Each structure stands twice: as structure tokens, then as C-alpha cells.
Amino acid sequence: MDIGINNFIIAVVTLNNEAHVRSGGSPIIYAKDEDERERVALLIAKTTRGMVHDIGLGTYIIVRH
Amino acid sequence: MSISTNFLMIIIALLMGTMARVSMMRVDYRQYPTYPQAYLSHFTLGIIAAALGAVAIPAIASKEYVAVTFLALAAQHFRDVRNLERQSLDNIEITELVPRGTAYIEDIAKAFEARNYIAILTALATSTGIYLGDYFHLSIILQGFIGVIVGYSTLFLLIRMLRGKAIEDIAEVKEATIAFDGPLLTLAGVPVINIGLKASREIYLNNGKAVEIIPKDSYGRAILANLGQRQALQHNAATQLGIRRDIDEPDFSPIARINPETGSIVMALIPIDSDIEDFITVVRRTPILESSKKKPIK
């Protein structure tokens with residue numbers, strides 16, 4: 001049987017280095033610009049088969065559905 | 001009743017029942033994955049079903065009433081056909097890029113069971129026809145003729161009765177616009193899903209196709225709201241149009257969402273090289289699942 005994690009935020013990739021994004025359950029990766037944010041988010045999503053969502057505040061979350 | 005009439009009755013009824021089963025294998029191109037091995041096993045089961053139906057009347061006519069219990073055995077056996085088909089579809093479900101969904105699988109499994117009963121009933125009707133011919137002392141050719149007519153009309157009626165409806169009977173399908181409201185993929189004004197990656201959004205805008213399925217009445221609305229029905233729509237569209245995605249690209253899995261204001265469904269998909277007309281046709285021809293049917297008050 002295939003057992004895995006669903007509906008879980010695997011990682012947070014953000015440009016927002018300030019008070020909005022702080023540590024939580026998932027690792028937070030601070031990107032220096034938009035290109036880096038796109039690339040890191042894509043790499044994490046591809047590795048974990050997750051999906052990238054834009055939640056505003058310069059922040060992407062990668063969620064496994 | 002003579003031995004030769006019995007023989008004629010069984011042979012003709014067997015042929016009619018088998019023919020009934022074979023004719024239904026041809027009809028359902030969508031549901032039947034025509035791999036030759038499954039084709040053969042269903043053909044064989046069809047012959048067995050027809051044989052069971054064919055021998056019932058001659059058995060009763062020769063006062064072998066216990067033979068009827070064989071029909072009960074047959075019912076048990078063909079319920080196993082449903083289980084078998086369900087299990088096999090369940091097993092390959094994880095290998096589908098867009099799963100069929102349990103409701104669709106259940107519908108297909110039920111259809112396979114029902115088709116065996118059609119074979120039994122056709123054979124039974126045929127042998128009844130021949131028995132009646134014999135009862136009225138008609139010639140042997142006329143007996144066979146009556147049997148075939150009765151069997152064929154039974155088959156015709158049963159197929160008509162079981163013929164399900166398609167989406168086109170309950171809803172209109174038309175093209176929908178694809179737009180992005182920030183990161184939200186929006187189809188015909190309905191926000192569907194949050195697509196983060198800019199590259200994915202580009203692909204949606206350039207290659208994506210979307211449809212809106214507008215129910216004609218509250219009956220259609222109840223059917224379209226059913227999650228199993230929507231999964232079947234997604235599966236049919238993806239398998240028949242081809243879908244430009246792999247397992248690690250959840251961004252592009254087709255998602256059918258309801259517009260809570262109107263009850264219509266919007267669905268987007270990135271086909272490999274089909275145009276919007278194909279997409280609309282596939283959606284229109286998707287069968288309505290038995291389990292999604294409801295009867296709203298108005």
C-alpha cells in the first residue's frame with residue numbers, strides 16, 4: 001500500500017523577510033528575488049510532487065494534495 | 001416434446017444469448033478496455049450465461065423443477081463478475097494519470113453484471129418462444145423463427161431500458177474563458193485553483209482549454225454536483241483528449257468546480273493537440289452515472 005502525506009504544507013518560499021513570515025511547522029526558504037523564488041519553489045514541488053500556491057505577501061507555499 | 005425440439009431450443013437460445021452478450025461488447029467502446037484477454041473471458045462468461053438461460057425451459061418442460069435452482073447459482077456467479085471487474089479496475093486505478101473514481105468504477109462493474117443477465121434473459125425468452133411454437137404444434141422452422149423474434153425483441157427492450165443518458169441530455173456545454181485573478185485560475189468567472197508558478201500560468205493561458213457545463217434544470221444540477229460524476233468527466237476528457245502532464249505536475253490535473261450561484265460546472269484541461277470542439281464533444285458524450293442520479297423536488 002502507498003502511504004504518504006496529503007494536504008500538508010511541505011515548504012514555504014518567500015521574498016518577505018519581515019514580520020509576515022516567521023517560523024512554523026514547515027521549513028521557510030528566503031529567496032533573494034522573484035526568479036530565485038520561482039526556481040526554488042519549482043525544484044521543491046518537483047521533488048515532493050507538491051503543488052505551488054501563491055498566497056500573496058511575496059510568499060509561495062508548496063502543498064502536497 | 002421431442003428430443004430434437006429440445007436440442008433445437010437449446011442451440012438457438014444459446015446462440016441468441018451469446019449474440020446478445022457479444023453485441024454489447026461492441027456498443028460500449030468507452031467503458032470496455034478491449035484488451036483481447038478480457039474480451040475472451042467475457043465472451044466465455046456470456047456463453048455460460050446463455051447456456052443457463054437456454055436450458056431452463058427444456059428442464060421445466062421435462063418436469064426437472066430442480067433445474068431452476070441453477071438460475072440462483074447463476075445470479076451468485078454473475079455477482080462475482082461485478083466484484084471481479086470492480087477489483088481489477090480498482091487495482092489499475094493508481095496507474096491512471098486522472099483516476100476514474102469509485103463511482104465510475106461501480107457503474108462499469110454494474111454494467112458488466114447486468115450484461116450477463118441480459119444474455120440469460122435473451123436465451124430464456126428465445127427458448128420460451130420455441131416452446132410456445134412447439135405447444136401449438138407449429139413446424140420446426142416456424143418454431144425457430146418465433147424463438148428468434150421473441151429473443152430479439154427481449155434483447156432490444158432490455159438494451160433500450162438500460163441505455164443510460166449522457167451529459168448532453170441534461171446540460172448544455174460551451175467554451176469558457178481562462179483568466180487569472182492574481183494566482184487564481186478563473187474559468188468563466190469562477191475561481192478554481194491557486195496556481196503559484198508563473199510558467200504554469202503561461203501554459204494555461206497559451207494551451208489551456210475550458211468548458212462550462214450548464215444544467216438545464218434542477219435534476220441536471222443535482223447530477224453535476226455529484227463528485228463521482230465530476231471525476232468521471234475529468235477522466236473521460238483526459239483519456240480521450242490526451243493530457244499534457246505527468247505525475248509530478250499537479251498544476252495541470254483537470255479540476256471540475258461548481259459555480260455555487262448557478263450550479264454550472266467549469267473545467268479546464270491542457271489537451272495534447274485537441275481543439276475545443278473535441279473537448280465539448282467528449283464532455284457531452286460522457287455517460288451519467290447511476291449513482292449520481294437524484295430526484296430533487298423541483
# chains A, B, ... in the order shown; residues from 1 in each chain; ligands from 1
$ residues_around --residues "stretch 20-32 of chain A" --least-positions-apart "3" --cutoff "10 Å" --atoms "only C-alpha atoms" --output "list of chain:residue names"
A:Phe8, A:Ile9, A:Ile10, A:Ala11, A:Val12, A:Val13, A:Thr14, A:Leu15, A:Asn16, A:Asn17, A:Asp35, A:Glu36, A:Arg37, A:Glu38, A:Arg39, A:Val40, A:Ala41, A:Leu57, A:Gly58, A:Thr59, A:Tyr60, A:Ile61, A:Ile62
$ write_last_selection --atoms "C-alpha atoms" --output "PDB file, in the first residue's frame"
ATOM      1  CA  PHE A   8       0.280  19.328   4.080  1.00  0.00           C
ATOM      2  CA  ILE A   9       2.448  22.420   3.597  1.00  0.00           C
ATOM      3  CA  ILE A  10       5.839  20.988   2.747  1.00  0.00           C
ATOM      4  CA  ALA A  11       7.764  24.240   2.476  1.00  0.00           C
ATOM      5  CA  VAL A  12       7.403  27.990   2.320  1.00  0.00           C
ATOM      6  CA  VAL A  13       9.434  30.026  -0.166  1.00  0.00           C
ATOM      7  CA  THR A  14       9.275  33.745   0.342  1.00  0.00           C
ATOM      8  CA  LEU A  15      10.719  37.108  -0.594  1.00  0.00           C
ATOM      9  CA  ASN A  16       9.235  38.555   2.559  1.00  0.00           C
ATOM     10  CA  ASN A  17      11.973  38.739   5.141  1.00  0.00           C
ATOM     11  CA  ASP A  35      13.402  34.297 -10.272  1.00  0.00           C
ATOM     12  CA  GLU A  36      15.040  32.522  -7.392  1.00  0.00           C
ATOM     13  CA  ARG A  37      11.676  32.096  -5.686  1.00  0.00           C
ATOM     14  CA  GLU A  38      10.162  30.532  -8.828  1.00  0.00           C
ATOM     15  CA  ARG A  39      13.109  28.207  -9.311  1.00  0.00           C
ATOM     16  CA  VAL A  40      13.347  27.023  -5.694  1.00  0.00           C
ATOM     17  CA  ALA A  41       9.596  26.524  -5.490  1.00  0.00           C
ATOM     18  CA  LEU A  57       2.855  38.671   0.727  1.00  0.00           C
ATOM     19  CA  GLY A  58       5.594  37.642  -1.703  1.00  0.00           C
ATOM     20  CA  THR A  59       5.166  34.078  -0.463  1.00  0.00           C
ATOM     21  CA  TYR A  60       4.729  30.703  -2.139  1.00  0.00           C
ATOM     22  CA  ILE A  61       3.681  27.609  -0.249  1.00  0.00           C
ATOM     23  CA  ILE A  62       4.243  24.109  -1.586  1.00  0.00           C
TER      24      ILE A  62
END
$ residues_around --residues "stretch 232-239 of chain B" --least-positions-apart "6" --cutoff "6 Å" --atoms "only C-alpha atoms" --output "ChimeraX atom specification"
/B:98,100,104
$ write_last_selection --atoms "N, CA, C and O atoms" --output "PDB file, in the first residue's frame"
ATOM      1  N   VAL B  98      -5.333  10.416 -14.514  1.00  0.00           N
ATOM      2  CA  VAL B  98      -6.544  11.006 -13.939  1.00  0.00           C
ATOM      3  C   VAL B  98      -7.455   9.838 -13.582  1.00  0.00           C
ATOM      4  O   VAL B  98      -7.984   9.179 -14.468  1.00  0.00           O
ATOM      5  N   ARG B 100     -10.397   7.177 -12.505  1.00  0.00           N
ATOM      6  CA  ARG B 100     -11.808   7.076 -12.881  1.00  0.00           C
ATOM      7  C   ARG B 100     -12.709   7.528 -11.733  1.00  0.00           C
ATOM      8  O   ARG B 100     -13.741   8.107 -11.956  1.00  0.00           O
ATOM      9  N   TYR B 104     -17.541   5.820 -10.870  1.00  0.00           N
ATOM     10  CA  TYR B 104     -17.470   5.379 -12.265  1.00  0.00           C
ATOM     11  C   TYR B 104     -17.162   3.880 -12.330  1.00  0.00           C
ATOM     12  O   TYR B 104     -17.787   3.136 -13.099  1.00  0.00           O
TER      13      TYR B 104
END
$ interface_residues --of "chain A" --to "chain B" --cutoff "6 Å" --atoms "only C-alpha atoms" --output "ChimeraX atom specification"
/A:46,49,51-54
$ closest_residue --among "B:Ile243, B:Ile159, B:Val150, B:Ile280" --to "B:Arg115" --atoms "only C-alpha atoms"
B:Ile159
$ closest_residue --among "B:Glu113, B:Glu175, B:Glu290, B:Asp217" --to "B:Glu277" --atoms "only C-alpha atoms"
B:Glu175
$ select_by_dssp --residues "stretch 97-295 of chain B" --states "strand (DSSP E or B)" --output "ChimeraX atom specification"
/B:166,171-175,178-181,184-187,190-194,209-215,243,255-258,265-269,271,287
$ residues_around --residues "B:Gly46" --least-positions-apart "5" --cutoff "9 Å" --atoms "only C-alpha atoms" --output "ChimeraX atom specification"
/B:17-22,41,51,115-116,119-120
$ write_last_selection --atoms "N, CA and C atoms" --output "PDB file, in the first residue's frame"
ATOM      1  N   GLY B  17     -28.423 -15.881 -26.928  1.00  0.00           N
ATOM      2  CA  GLY B  17     -27.865 -15.305 -25.699  1.00  0.00           C
ATOM      3  C   GLY B  17     -26.429 -14.859 -25.903  1.00  0.00           C
ATOM      4  N   THR B  18     -25.643 -15.702 -26.576  1.00  0.00           N
ATOM      5  CA  THR B  18     -24.248 -15.347 -26.825  1.00  0.00           C
ATOM      6  C   THR B  18     -24.169 -14.124 -27.733  1.00  0.00           C
ATOM      7  N   MET B  19     -25.029 -14.110 -28.736  1.00  0.00           N
ATOM      8  CA  MET B  19     -25.068 -12.972 -29.649  1.00  0.00           C
ATOM      9  C   MET B  19     -25.395 -11.694 -28.872  1.00  0.00           C
ATOM     10  N   ALA B  20     -26.318 -11.815 -27.891  1.00  0.00           N
ATOM     11  CA  ALA B  20     -26.687 -10.648 -27.088  1.00  0.00           C
ATOM     12  C   ALA B  20     -25.466 -10.102 -26.359  1.00  0.00           C
ATOM     13  N   ARG B  21     -24.693 -11.008 -25.743  1.00  0.00           N
ATOM     14  CA  ARG B  21     -23.521 -10.571 -24.986  1.00  0.00           C
ATOM     15  C   ARG B  21     -22.475  -9.944 -25.910  1.00  0.00           C
ATOM     16  N   VAL B  22     -22.249 -10.585 -27.063  1.00  0.00           N
ATOM     17  CA  VAL B  22     -21.236 -10.075 -27.998  1.00  0.00           C
ATOM     18  C   VAL B  22     -21.641  -8.708 -28.535  1.00  0.00           C
ATOM     19  N   SER B  41     -12.563 -13.650 -21.948  1.00  0.00           N
ATOM     20  CA  SER B  41     -13.190 -14.174 -20.739  1.00  0.00           C
ATOM     21  C   SER B  41     -14.642 -13.721 -20.644  1.00  0.00           C
ATOM     22  N   ALA B  51     -26.136 -20.337 -21.858  1.00  0.00           N
ATOM     23  CA  ALA B  51     -26.446 -21.757 -21.680  1.00  0.00           C
ATOM     24  C   ALA B  51     -27.389 -21.945 -20.500  1.00  0.00           C
ATOM     25  N   ARG B 115     -25.080  -7.068 -18.068  1.00  0.00           N
ATOM     26  CA  ARG B 115     -24.998  -7.612 -19.429  1.00  0.00           C
ATOM     27  C   ARG B 115     -25.092  -9.128 -19.443  1.00  0.00           C
ATOM     28  N   ASN B 116     -24.554  -9.767 -18.395  1.00  0.00           N
ATOM     29  CA  ASN B 116     -24.694 -11.218 -18.322  1.00  0.00           C
ATOM     30  C   ASN B 116     -26.148 -11.612 -18.107  1.00  0.00           C
ATOM     31  N   ALA B 119     -27.892 -11.577 -21.302  1.00  0.00           N
ATOM     32  CA  ALA B 119     -27.651 -12.807 -22.069  1.00  0.00           C
ATOM     33  C   ALA B 119     -28.572 -13.924 -21.582  1.00  0.00           C
ATOM     34  N   ILE B 120     -28.697 -14.063 -20.241  1.00  0.00           N
ATOM     35  CA  ILE B 120     -29.580 -15.107 -19.686  1.00  0.00           C
ATOM     36  C   ILE B 120     -31.015 -14.880 -20.133  1.00  0.00           C
TER      37      ILE B 120
END
